[in-house]
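Below is one structure; the comments refer to it alone.
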Amino acid sequence: MKMSYPKYFISLAFVLLFGFKLTAQTKYYITAPRLFDGEIMHKDWALIIENNKIITVGPIQQINVPDGAIKVNYPNATIMPGLIEGHSHLMLYPYNITDWDTQVLKEADAYRTVRATVHAKNTLLAGFTTARDLGTEGAGYADVALKRAINEGIVIGPRLMVAGRAIVATGSYGPKGYDTDQEIMLGAEPADGNDLIRVVRDQIGKGADFIKVYADYRWGLNGDDRPSFTLDELKLINEVTRSSGRVMVCHAKSKEAIRRAVLAGAETIEHGDFIDLEIGKLMKEHNVTYMPTIAAVDVISQYRGWKKGVTDPPSNIINKRKSFKEAIASGVSIGMGGDVGVFPHGDNALEMELMVEYGLPIMDALKAATSVNARAFHLEGSLGNLKPGYIADVIVVDGDPSKNISDMKKVKFVMKEGVVYLSK
Ligand SMILES: [Zn+2]
């Protein structure tokens, strides 16, 4: 590289004074037969990236290749925004390898964190450049540390929004079934009544980006999902959370827990296995986004012996199908979050396949993992769409996912903030 001395010294001075990097501007000119911008599928569009920003998006004929741009072309492929995983647990791995109790109770946080660095890498390379992580399940604030290591470039992974420990009502959460003489470490932090104020603030202080609450759990007399917190408790959690500029999100399967969570101010409802038209409409009225986690229900049933496509589906699958259809009919905003960790990190797009299998129009599944999740997590304006000025999170998948949703698994190219992590 030729560089005249005065220019070099000026640059060096700027670096010393302002911390500017001594790198040339990097430009990319990316083309493919299709470009999904987060809302619409376009034919023969191109994308120009400069450093970490999207500069231009539009028809190939109208866009000149900028001088010095690195040309990236994929025939028979689709350019998309970097995907956003709405519900992950990077500290967990599939329960058919090691059951949840064992991971929570017997595995050291250090071991789980080391594993999580690989999970984070696999997530990014699967095209998910952003992920909201819904609790460490007994690994303390290891998610806060993982997020920091990713931000500092020590390990690679998606940009994270993390919950930390999450909050449960005393007596509701697991691991369960051990001698009651022992104090068993739980998968989340128990708190009740006014103590919720202290616990919310403590979790925020330790790095939680949002507060995750279990508004119900399977602790009914027959192991059915029953509300854990009262409406007033949820309102209190929400009030304390909101005043810090964060939001409350709720695990809620039963109709009553969803109702309380929505009325208390939850921004997203996780799982929602018993949604009906009425509760779906209430969620819609309150601008709540639904995270269905179909994949968790589907694969856990298979871990328990259901031979999908061979044996009759168990009742929880029949119920999940019904509830998802009613959610769609209610018009509630449906995001994408699979509860990945229950199934392998990197297989995140399984949730998108199942959303389509369970009745969601295919374009809505593409929007769910991009623009809908971006809005749900207040990232609109910078992520979830391919628009000028947005952060350069861009992926390319082989084929046409608007025709075959499984093409979401054929990831060829991953760029996060202008840095290429996968190119094949
Ligand atoms: Zn979860």
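Ordering of the structure tokens sets the chain letters (A, B, ...), residue numbers begin anew at 1 in every chain, and ligands are numbered from 1 in the order given.
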Report task. Using only C-alpha atoms, determine which residues lie at most 8 Å from A:Leu134, disregarding the query and same-chain residues fewer than 4 positions distant; provide the list as an MDAnalysis selection string. Result -> chainID A and resid 87:89 162:164 166 212
Q.
List as a list in words the protein and nucleic acid residues lying within 10 Å of ligand 1, with only C-alpha atoms and all ligand atoms counted.
A.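 Here is the list of contacting residues: Gly86, His87, Ser88, His89, Leu92, Asp133, Leu134, Gly135, Thr136, Glu137, Lys212, Tyr214, His251, Glu270, His271, Thr293, Ala296, Gly337, Gly338, Asp339, Val340, Gly341 and Val342 of chain A.
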Identify, with DSSP run on backbone atoms, the residues in stretch 111-171 of chain A assigned to strand (DSSP E), and express the list as a compact mmCIF listing (two decimals) with N, CA and C atoms, in the first residue's frame.
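Heads up, here's the output in states_34.txt:
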```txt
# COMPACT_ATOMS: atom_id res chain seq x y z
N PHE A 128 -28.38 -15.34 12.32
CA PHE A 128 -29.03 -14.56 13.39
C PHE A 128 -28.00 -13.60 13.97
N THR A 129 -28.08 -12.35 13.54
CA THR A 129 -27.09 -11.35 13.95
C THR A 129 -27.48 -10.64 15.24
N THR A 130 -28.73 -10.87 15.68
CA THR A 130 -29.22 -10.31 16.94
C THR A 130 -30.02 -11.39 17.65
N ALA A 131 -29.90 -11.43 18.98
CA ALA A 131 -30.72 -12.40 19.73
C ALA A 131 -31.11 -11.81 21.07
N ARG A 132 -32.35 -12.10 21.45
CA ARG A 132 -32.82 -11.74 22.79
C ARG A 132 -32.76 -13.03 23.61
N ASP A 133 -31.96 -13.00 24.69
CA ASP A 133 -31.77 -14.22 25.49
C ASP A 133 -32.62 -14.13 26.75
N ARG A 159 -25.47 -9.88 18.35
CA ARG A 159 -25.65 -8.76 19.29
C ARG A 159 -26.74 -9.22 20.27
N LEU A 160 -26.45 -9.12 21.55
CA LEU A 160 -27.37 -9.72 22.53
C LEU A 160 -28.14 -8.68 23.35
N MET A 161 -29.38 -9.06 23.66
CA MET A 161 -30.16 -8.39 24.70
C MET A 161 -30.45 -9.49 25.72
N VAL A 162 -30.07 -9.27 26.98
CA VAL A 162 -30.11 -10.39 27.92
C VAL A 162 -30.99 -10.12 29.14
N ILE A 167 -37.20 -13.75 36.82
CA ILE A 167 -37.88 -13.74 38.13
C ILE A 167 -39.03 -14.75 38.15
N VAL A 168 -39.10 -15.51 39.24
CA VAL A 168 -40.19 -16.47 39.44
C VAL A 168 -40.82 -16.25 40.82
```
Please provide the set of residues having any atom within 7 Å of A:Ser323, restricted to only C-alpha atoms, with same-chain residues fewer than 4 positions apart removed, written as a list in words.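 These residues fall inside the cut-off: Asp273, Phe274, Ile275, Asp276, Asn319 and Ala327 of chain A.
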Convert the current residue selection to file output with C-alpha atoms, as a PDB file, in the first residue's frame.
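Result file is part21.pdb:
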```
ATOM      1  CA  ASP A 273     -49.920 -22.208  24.600  1.00  0.00           C
ATOM      2  CA  PHE A 274     -53.543 -21.470  25.523  1.00  0.00           C
ATOM      3  CA  ILE A 275     -54.223 -18.373  23.438  1.00  0.00           C
ATOM      4  CA  ASP A 276     -57.731 -18.031  22.083  1.00  0.00           C
ATOM      5  CA  ASN A 319     -53.457 -27.754  21.457  1.00  0.00           C
ATOM      6  CA  ALA A 327     -53.455 -16.197  17.527  1.00  0.00           C
TER       7      ALA A 327
END
```
> Could you state the separation of atom CA of A:Asn287 and atom CA of A:Asp347 in Å, given to one decimal place?
Replying inline: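 Taking atom CA of A:Asn287 and atom CA of A:Asp347, their separation equals 28.9 Å.
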I'd like the contact shell of A:Leu83 - 10 Å cut-off, only C-alpha atoms, skipping same-chain residues fewer than 6 positions apart - returned as a list in words.
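Non-adjacent residues within range: Gly38, Thr123, Leu124, Ala126, Gly127, Phe128, Thr129, Thr130, Ala131, Pro158, Met336, Asn348, Ala349, Leu366, Lys367, Ala368, Ala369, Thr370, Ser371, Asn373, Ala374, Leu383, Gly384, Asn385, Asp393, Val394, Ile395, Met408 and Val414 of chain A.
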* **Who sits within 12 Å of stretch 396-398 of chain A, only C-alpha atoms, same chain under 3 positions skipped, as a VMD selection string** => chain A and resid 30 to 37 47 72 to 83 125 to 128 349 393 401 to 415 420 to 424
How would the residues just picked look written out with N, CA and C atoms as a short mmCIF file (atom, residue, chain, number, x, y, z; two decimals), in the first residue's frame?
```cif
data_model
loop_
_atom_site.label_atom_id
_atom_site.label_comp_id
_atom_site.auth_asym_id
_atom_site.auth_seq_id
_atom_site.Cartn_x
_atom_site.Cartn_y
_atom_site.Cartn_z
N ILE A 30 -23.53 -5.77 -3.11
CA ILE A 30 -24.06 -7.14 -2.99
C ILE A 30 -25.27 -7.30 -3.91
N THR A 31 -25.24 -8.34 -4.71
CA THR A 31 -26.36 -8.60 -5.63
C THR A 31 -26.79 -10.06 -5.58
N ALA A 32 -28.07 -10.28 -5.87
CA ALA A 32 -28.65 -11.61 -5.97
C ALA A 32 -29.98 -11.44 -6.72
N PRO A 33 -30.57 -12.53 -7.21
CA PRO A 33 -31.84 -12.37 -7.95
C PRO A 33 -32.98 -11.84 -7.09
N ARG A 34 -32.88 -12.03 -5.76
CA ARG A 34 -33.96 -11.57 -4.88
C ARG A 34 -33.37 -10.83 -3.67
N LEU A 35 -34.12 -9.83 -3.21
CA LEU A 35 -33.76 -9.13 -1.97
C LEU A 35 -35.03 -8.93 -1.15
N PHE A 36 -35.04 -9.50 0.03
CA PHE A 36 -36.15 -9.30 0.97
C PHE A 36 -35.72 -8.17 1.91
N ASP A 37 -36.50 -7.07 1.91
CA ASP A 37 -36.05 -5.90 2.67
C ASP A 37 -36.59 -5.86 4.10
N LEU A 47 -27.44 -3.92 -3.09
CA LEU A 47 -27.26 -3.32 -1.77
C LEU A 47 -25.83 -2.78 -1.71
N VAL A 72 -20.03 -8.75 -4.29
CA VAL A 72 -20.50 -10.04 -3.79
C VAL A 72 -21.76 -10.39 -4.58
N ASN A 73 -21.71 -11.48 -5.33
CA ASN A 73 -22.90 -11.88 -6.10
C ASN A 73 -23.22 -13.34 -5.83
N TYR A 74 -24.48 -13.59 -5.55
CA TYR A 74 -24.92 -14.97 -5.36
C TYR A 74 -26.04 -15.27 -6.36
N PRO A 75 -25.78 -16.15 -7.36
CA PRO A 75 -26.85 -16.51 -8.28
C PRO A 75 -27.85 -17.43 -7.57
N ASN A 76 -29.11 -17.30 -7.89
CA ASN A 76 -30.17 -18.12 -7.29
C ASN A 76 -30.23 -18.04 -5.76
N ALA A 77 -30.03 -16.84 -5.24
CA ALA A 77 -30.07 -16.69 -3.78
C ALA A 77 -30.92 -15.47 -3.40
N THR A 78 -31.07 -15.25 -2.09
CA THR A 78 -31.90 -14.15 -1.59
C THR A 78 -31.12 -13.37 -0.53
N ILE A 79 -31.05 -12.06 -0.72
CA ILE A 79 -30.42 -11.18 0.27
C ILE A 79 -31.48 -10.81 1.30
N MET A 80 -31.11 -10.82 2.57
CA MET A 80 -32.07 -10.52 3.64
C MET A 80 -31.41 -9.69 4.75
N PRO A 81 -32.24 -9.06 5.58
CA PRO A 81 -31.65 -8.42 6.77
C PRO A 81 -31.10 -9.52 7.71
N GLY A 82 -30.10 -9.20 8.51
CA GLY A 82 -29.67 -10.13 9.55
C GLY A 82 -30.88 -10.52 10.39
N LEU A 83 -31.00 -11.80 10.70
CA LEU A 83 -32.20 -12.28 11.41
C LEU A 83 -32.11 -11.95 12.90
N LEU A 125 -23.58 -17.70 12.75
CA LEU A 125 -23.30 -18.31 11.44
C LEU A 125 -24.58 -18.86 10.79
N ALA A 126 -25.66 -19.00 11.57
CA ALA A 126 -26.96 -19.40 11.01
C ALA A 126 -27.74 -18.18 10.53
N GLY A 127 -27.10 -16.99 10.57
CA GLY A 127 -27.73 -15.80 10.03
C GLY A 127 -28.43 -14.93 11.06
N PHE A 128 -28.38 -15.34 12.32
CA PHE A 128 -29.03 -14.56 13.39
C PHE A 128 -28.00 -13.60 13.97
N ALA A 349 -33.75 -21.52 12.68
CA ALA A 349 -34.77 -21.37 11.62
C ALA A 349 -35.82 -22.49 11.68
N ASP A 393 -26.33 -5.26 8.88
CA ASP A 393 -26.53 -6.67 9.22
C ASP A 393 -27.24 -7.28 8.01
N PRO A 401 -36.62 -18.32 0.09
CA PRO A 401 -37.37 -18.71 1.30
C PRO A 401 -38.84 -18.29 1.26
N SER A 402 -39.23 -17.42 0.31
CA SER A 402 -40.65 -17.07 0.21
C SER A 402 -41.44 -18.18 -0.50
N LYS A 403 -40.69 -19.10 -1.11
CA LYS A 403 -41.32 -20.27 -1.74
C LYS A 403 -41.12 -21.52 -0.89
N ASN A 404 -39.91 -21.62 -0.31
CA ASN A 404 -39.57 -22.77 0.52
C ASN A 404 -38.88 -22.28 1.78
N ILE A 405 -39.61 -22.29 2.89
CA ILE A 405 -39.09 -21.69 4.13
C ILE A 405 -37.82 -22.40 4.61
N SER A 406 -37.64 -23.66 4.23
CA SER A 406 -36.43 -24.39 4.66
C SER A 406 -35.17 -23.82 4.03
N ASP A 407 -35.32 -22.98 2.99
CA ASP A 407 -34.14 -22.32 2.43
C ASP A 407 -33.48 -21.39 3.46
N MET A 408 -34.22 -21.05 4.53
CA MET A 408 -33.64 -20.24 5.61
C MET A 408 -32.45 -20.94 6.26
N LYS A 409 -32.36 -22.24 6.05
CA LYS A 409 -31.24 -23.00 6.64
C LYS A 409 -30.03 -23.05 5.73
N LYS A 410 -30.18 -22.51 4.50
CA LYS A 410 -29.06 -22.56 3.55
C LYS A 410 -28.33 -21.22 3.54
N VAL A 411 -27.74 -20.89 4.65
CA VAL A 411 -27.09 -19.58 4.81
C VAL A 411 -25.72 -19.59 4.16
N LYS A 412 -25.49 -18.62 3.27
CA LYS A 412 -24.24 -18.57 2.50
C LYS A 412 -23.33 -17.43 2.92
N PHE A 413 -23.94 -16.39 3.48
CA PHE A 413 -23.18 -15.16 3.74
C PHE A 413 -23.77 -14.49 4.97
N VAL A 414 -22.90 -14.12 5.89
CA VAL A 414 -23.37 -13.41 7.09
C VAL A 414 -22.48 -12.19 7.33
N MET A 415 -23.11 -11.02 7.39
CA MET A 415 -22.40 -9.79 7.73
C MET A 415 -23.10 -9.18 8.94
N VAL A 420 -17.80 -9.30 7.72
CA VAL A 420 -18.25 -10.58 7.15
C VAL A 420 -17.77 -11.74 8.04
N TYR A 421 -18.70 -12.56 8.49
CA TYR A 421 -18.37 -13.70 9.34
C TYR A 421 -18.48 -15.03 8.60
N LEU A 422 -19.26 -15.02 7.50
CA LEU A 422 -19.41 -16.24 6.71
C LEU A 422 -19.53 -15.82 5.25
N SER A 423 -18.81 -16.53 4.40
CA SER A 423 -18.89 -16.25 2.97
C SER A 423 -18.53 -17.54 2.26
N LYS A 424 -19.55 -18.22 1.70
CA LYS A 424 -19.24 -19.50 1.03
C LYS A 424 -20.03 -19.69 -0.25
#
```
- Task: Run DSSP on the backbone and grab whatever in stretch 120-270 of chain A lands in alpha helix (DSSP H); send it over as a ChimeraX atom specification.
- Result: /A:120-125,142-151,195-205,231-242,255-264
For the residues in that selection, give me N, CA and C atoms as a compact mmCIF listing (two decimals), in the first residue's frame.
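This went into part32.txt:
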```txt
# COMPACT_ATOMS: atom_id res chain seq x y z
N ALA A 120 -23.21 -19.28 20.70
CA ALA A 120 -23.31 -17.91 20.14
C ALA A 120 -22.75 -17.88 18.73
N LYS A 121 -21.64 -18.54 18.54
CA LYS A 121 -21.01 -18.60 17.20
C LYS A 121 -21.95 -19.29 16.22
N ASN A 122 -22.52 -20.42 16.62
CA ASN A 122 -23.43 -21.15 15.73
C ASN A 122 -24.67 -20.33 15.38
N THR A 123 -25.13 -19.54 16.34
CA THR A 123 -26.30 -18.68 16.10
C THR A 123 -25.98 -17.64 15.03
N LEU A 124 -24.83 -16.99 15.19
CA LEU A 124 -24.42 -15.96 14.22
C LEU A 124 -24.25 -16.56 12.82
N LEU A 125 -23.58 -17.70 12.75
CA LEU A 125 -23.30 -18.31 11.44
C LEU A 125 -24.58 -18.86 10.79
N ALA A 142 -24.09 -14.95 33.59
CA ALA A 142 -23.12 -15.36 32.55
C ALA A 142 -23.50 -14.77 31.19
N ASP A 143 -24.80 -14.51 30.98
CA ASP A 143 -25.22 -13.91 29.70
C ASP A 143 -24.69 -12.48 29.55
N VAL A 144 -24.62 -11.76 30.67
CA VAL A 144 -24.09 -10.39 30.64
C VAL A 144 -22.61 -10.43 30.23
N ALA A 145 -21.89 -11.42 30.78
CA ALA A 145 -20.46 -11.57 30.46
C ALA A 145 -20.28 -12.00 28.99
N LEU A 146 -21.14 -12.89 28.54
CA LEU A 146 -21.06 -13.34 27.14
C LEU A 146 -21.30 -12.18 26.18
N LYS A 147 -22.31 -11.39 26.51
CA LYS A 147 -22.62 -10.21 25.68
C LYS A 147 -21.40 -9.29 25.60
N ARG A 148 -20.75 -9.08 26.75
CA ARG A 148 -19.58 -8.21 26.78
C ARG A 148 -18.45 -8.78 25.90
N ALA A 149 -18.23 -10.10 26.03
CA ALA A 149 -17.15 -10.73 25.26
C ALA A 149 -17.42 -10.63 23.76
N ILE A 150 -18.69 -10.72 23.37
CA ILE A 150 -19.05 -10.57 21.95
C ILE A 150 -18.82 -9.12 21.51
N ASN A 151 -19.30 -8.19 22.32
CA ASN A 151 -19.14 -6.77 21.98
C ASN A 151 -17.67 -6.37 21.86
N ASP A 195 -40.74 -7.38 47.87
CA ASP A 195 -39.36 -7.77 47.60
C ASP A 195 -39.06 -7.71 46.09
N LEU A 196 -40.11 -7.73 45.29
CA LEU A 196 -39.92 -7.66 43.84
C LEU A 196 -39.22 -6.36 43.44
N ILE A 197 -39.47 -5.31 44.21
CA ILE A 197 -38.83 -4.02 43.90
C ILE A 197 -37.31 -4.17 43.96
N ARG A 198 -36.85 -4.77 45.07
CA ARG A 198 -35.40 -4.94 45.26
C ARG A 198 -34.81 -5.86 44.19
N VAL A 199 -35.52 -6.97 43.91
CA VAL A 199 -34.97 -7.95 42.98
C VAL A 199 -34.91 -7.39 41.54
N VAL A 200 -35.94 -6.68 41.13
CA VAL A 200 -35.90 -6.06 39.79
C VAL A 200 -34.69 -5.11 39.71
N ARG A 201 -34.54 -4.28 40.73
CA ARG A 201 -33.43 -3.31 40.70
C ARG A 201 -32.08 -4.01 40.73
N ASP A 202 -32.01 -5.09 41.50
CA ASP A 202 -30.76 -5.85 41.58
C ASP A 202 -30.41 -6.46 40.23
N GLN A 203 -31.40 -7.02 39.57
CA GLN A 203 -31.15 -7.64 38.25
C GLN A 203 -30.73 -6.58 37.23
N ILE A 204 -31.36 -5.42 37.30
CA ILE A 204 -30.98 -4.32 36.41
C ILE A 204 -29.53 -3.91 36.69
N GLY A 205 -29.22 -3.78 37.97
CA GLY A 205 -27.86 -3.38 38.36
C GLY A 205 -26.80 -4.36 37.90
N LEU A 231 -51.94 -9.92 39.77
CA LEU A 231 -51.91 -8.77 38.85
C LEU A 231 -51.13 -7.61 39.47
N ASP A 232 -51.35 -7.37 40.77
CA ASP A 232 -50.65 -6.26 41.43
C ASP A 232 -49.14 -6.48 41.47
N GLU A 233 -48.73 -7.72 41.68
CA GLU A 233 -47.28 -8.00 41.68
C GLU A 233 -46.69 -7.72 40.30
N LEU A 234 -47.39 -8.15 39.27
CA LEU A 234 -46.89 -7.91 37.91
C LEU A 234 -46.83 -6.41 37.61
N LYS A 235 -47.85 -5.69 38.09
CA LYS A 235 -47.85 -4.23 37.87
C LYS A 235 -46.66 -3.58 38.57
N LEU A 236 -46.35 -4.09 39.76
CA LEU A 236 -45.22 -3.55 40.52
C LEU A 236 -43.90 -3.81 39.78
N ILE A 237 -43.73 -5.04 39.30
CA ILE A 237 -42.51 -5.38 38.53
C ILE A 237 -42.40 -4.46 37.33
N ASN A 238 -43.54 -4.30 36.64
CA ASN A 238 -43.52 -3.47 35.43
C ASN A 238 -43.18 -2.01 35.75
N GLU A 239 -43.76 -1.51 36.83
CA GLU A 239 -43.52 -0.11 37.19
C GLU A 239 -42.04 0.16 37.48
N VAL A 240 -41.45 -0.74 38.27
CA VAL A 240 -40.04 -0.57 38.64
C VAL A 240 -39.15 -0.74 37.41
N THR A 241 -39.51 -1.71 36.56
CA THR A 241 -38.73 -1.97 35.35
C THR A 241 -38.80 -0.78 34.40
N ARG A 242 -40.00 -0.30 34.17
CA ARG A 242 -40.23 0.82 33.23
C ARG A 242 -39.49 2.08 33.66
N LYS A 255 -54.43 -18.67 29.86
CA LYS A 255 -55.16 -17.47 29.46
C LYS A 255 -55.14 -16.41 30.57
N GLU A 256 -55.32 -16.83 31.82
CA GLU A 256 -55.37 -15.87 32.94
C GLU A 256 -54.01 -15.20 33.15
N ALA A 257 -52.92 -15.97 33.01
CA ALA A 257 -51.58 -15.36 33.18
C ALA A 257 -51.30 -14.38 32.05
N ILE A 258 -51.73 -14.72 30.85
CA ILE A 258 -51.53 -13.80 29.71
C ILE A 258 -52.32 -12.52 29.97
N ARG A 259 -53.57 -12.69 30.44
CA ARG A 259 -54.41 -11.52 30.72
C ARG A 259 -53.74 -10.59 31.73
N ARG A 260 -53.27 -11.18 32.84
CA ARG A 260 -52.61 -10.36 33.87
C ARG A 260 -51.35 -9.70 33.33
N ALA A 261 -50.55 -10.47 32.59
CA ALA A 261 -49.29 -9.94 32.05
C ALA A 261 -49.55 -8.75 31.13
N VAL A 262 -50.55 -8.90 30.26
CA VAL A 262 -50.87 -7.84 29.30
C VAL A 262 -51.37 -6.60 30.04
N LEU A 263 -52.29 -6.81 31.00
CA LEU A 263 -52.84 -5.67 31.74
C LEU A 263 -51.78 -4.98 32.59
N ALA A 264 -50.76 -5.75 33.02
CA ALA A 264 -49.70 -5.16 33.84
C ALA A 264 -48.66 -4.42 33.01
```
State, in Å with one decimal place, the distance from atom CA of A:Thr113 to atom CA of A:Gly140.
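Atom CA of A:Thr113 sits 10.4 Å away from atom CA of A:Gly140.
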- Query: Hey, which of A:Gly335, A:Ser243, A:Ile55, A:Val249 ends up closest to A:Ala365? Count only C-alpha atoms.
  - Reply: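 Among A:Gly335, A:Ser243, A:Ile55, A:Val249, it is A:Gly335 that comes nearest to A:Ala365.
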Counting only C-alpha atoms, which residue out of A:Thr56, A:Asn96, A:Gln25, A:Ser330 sits closest to A:Tyr303?
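Between A:Thr56, A:Asn96, A:Gln25, A:Ser330, the residue approaching A:Tyr303 most closely is A:Asn96.
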*Please identify all polymer residues within 8 Å of A:Gly331, counting only C-alpha atoms, omitting same-chain residues fewer than 5 positions from it, and present them as number ranges by chain.*
A: 280-281, 284
* To do: Find the distance between atom CA of A:Ile54 and atom CA of A:Gly153 and write it in Å to one decimal.
  =>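 Rounded to one decimal, the two atoms are 21.3 Å apart.
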From the list A:Phe229, A:Tyr178, A:Tyr141, A:Trp100, the nearest residue to A:Gly207 using only C-alpha atoms is A:Tyr141
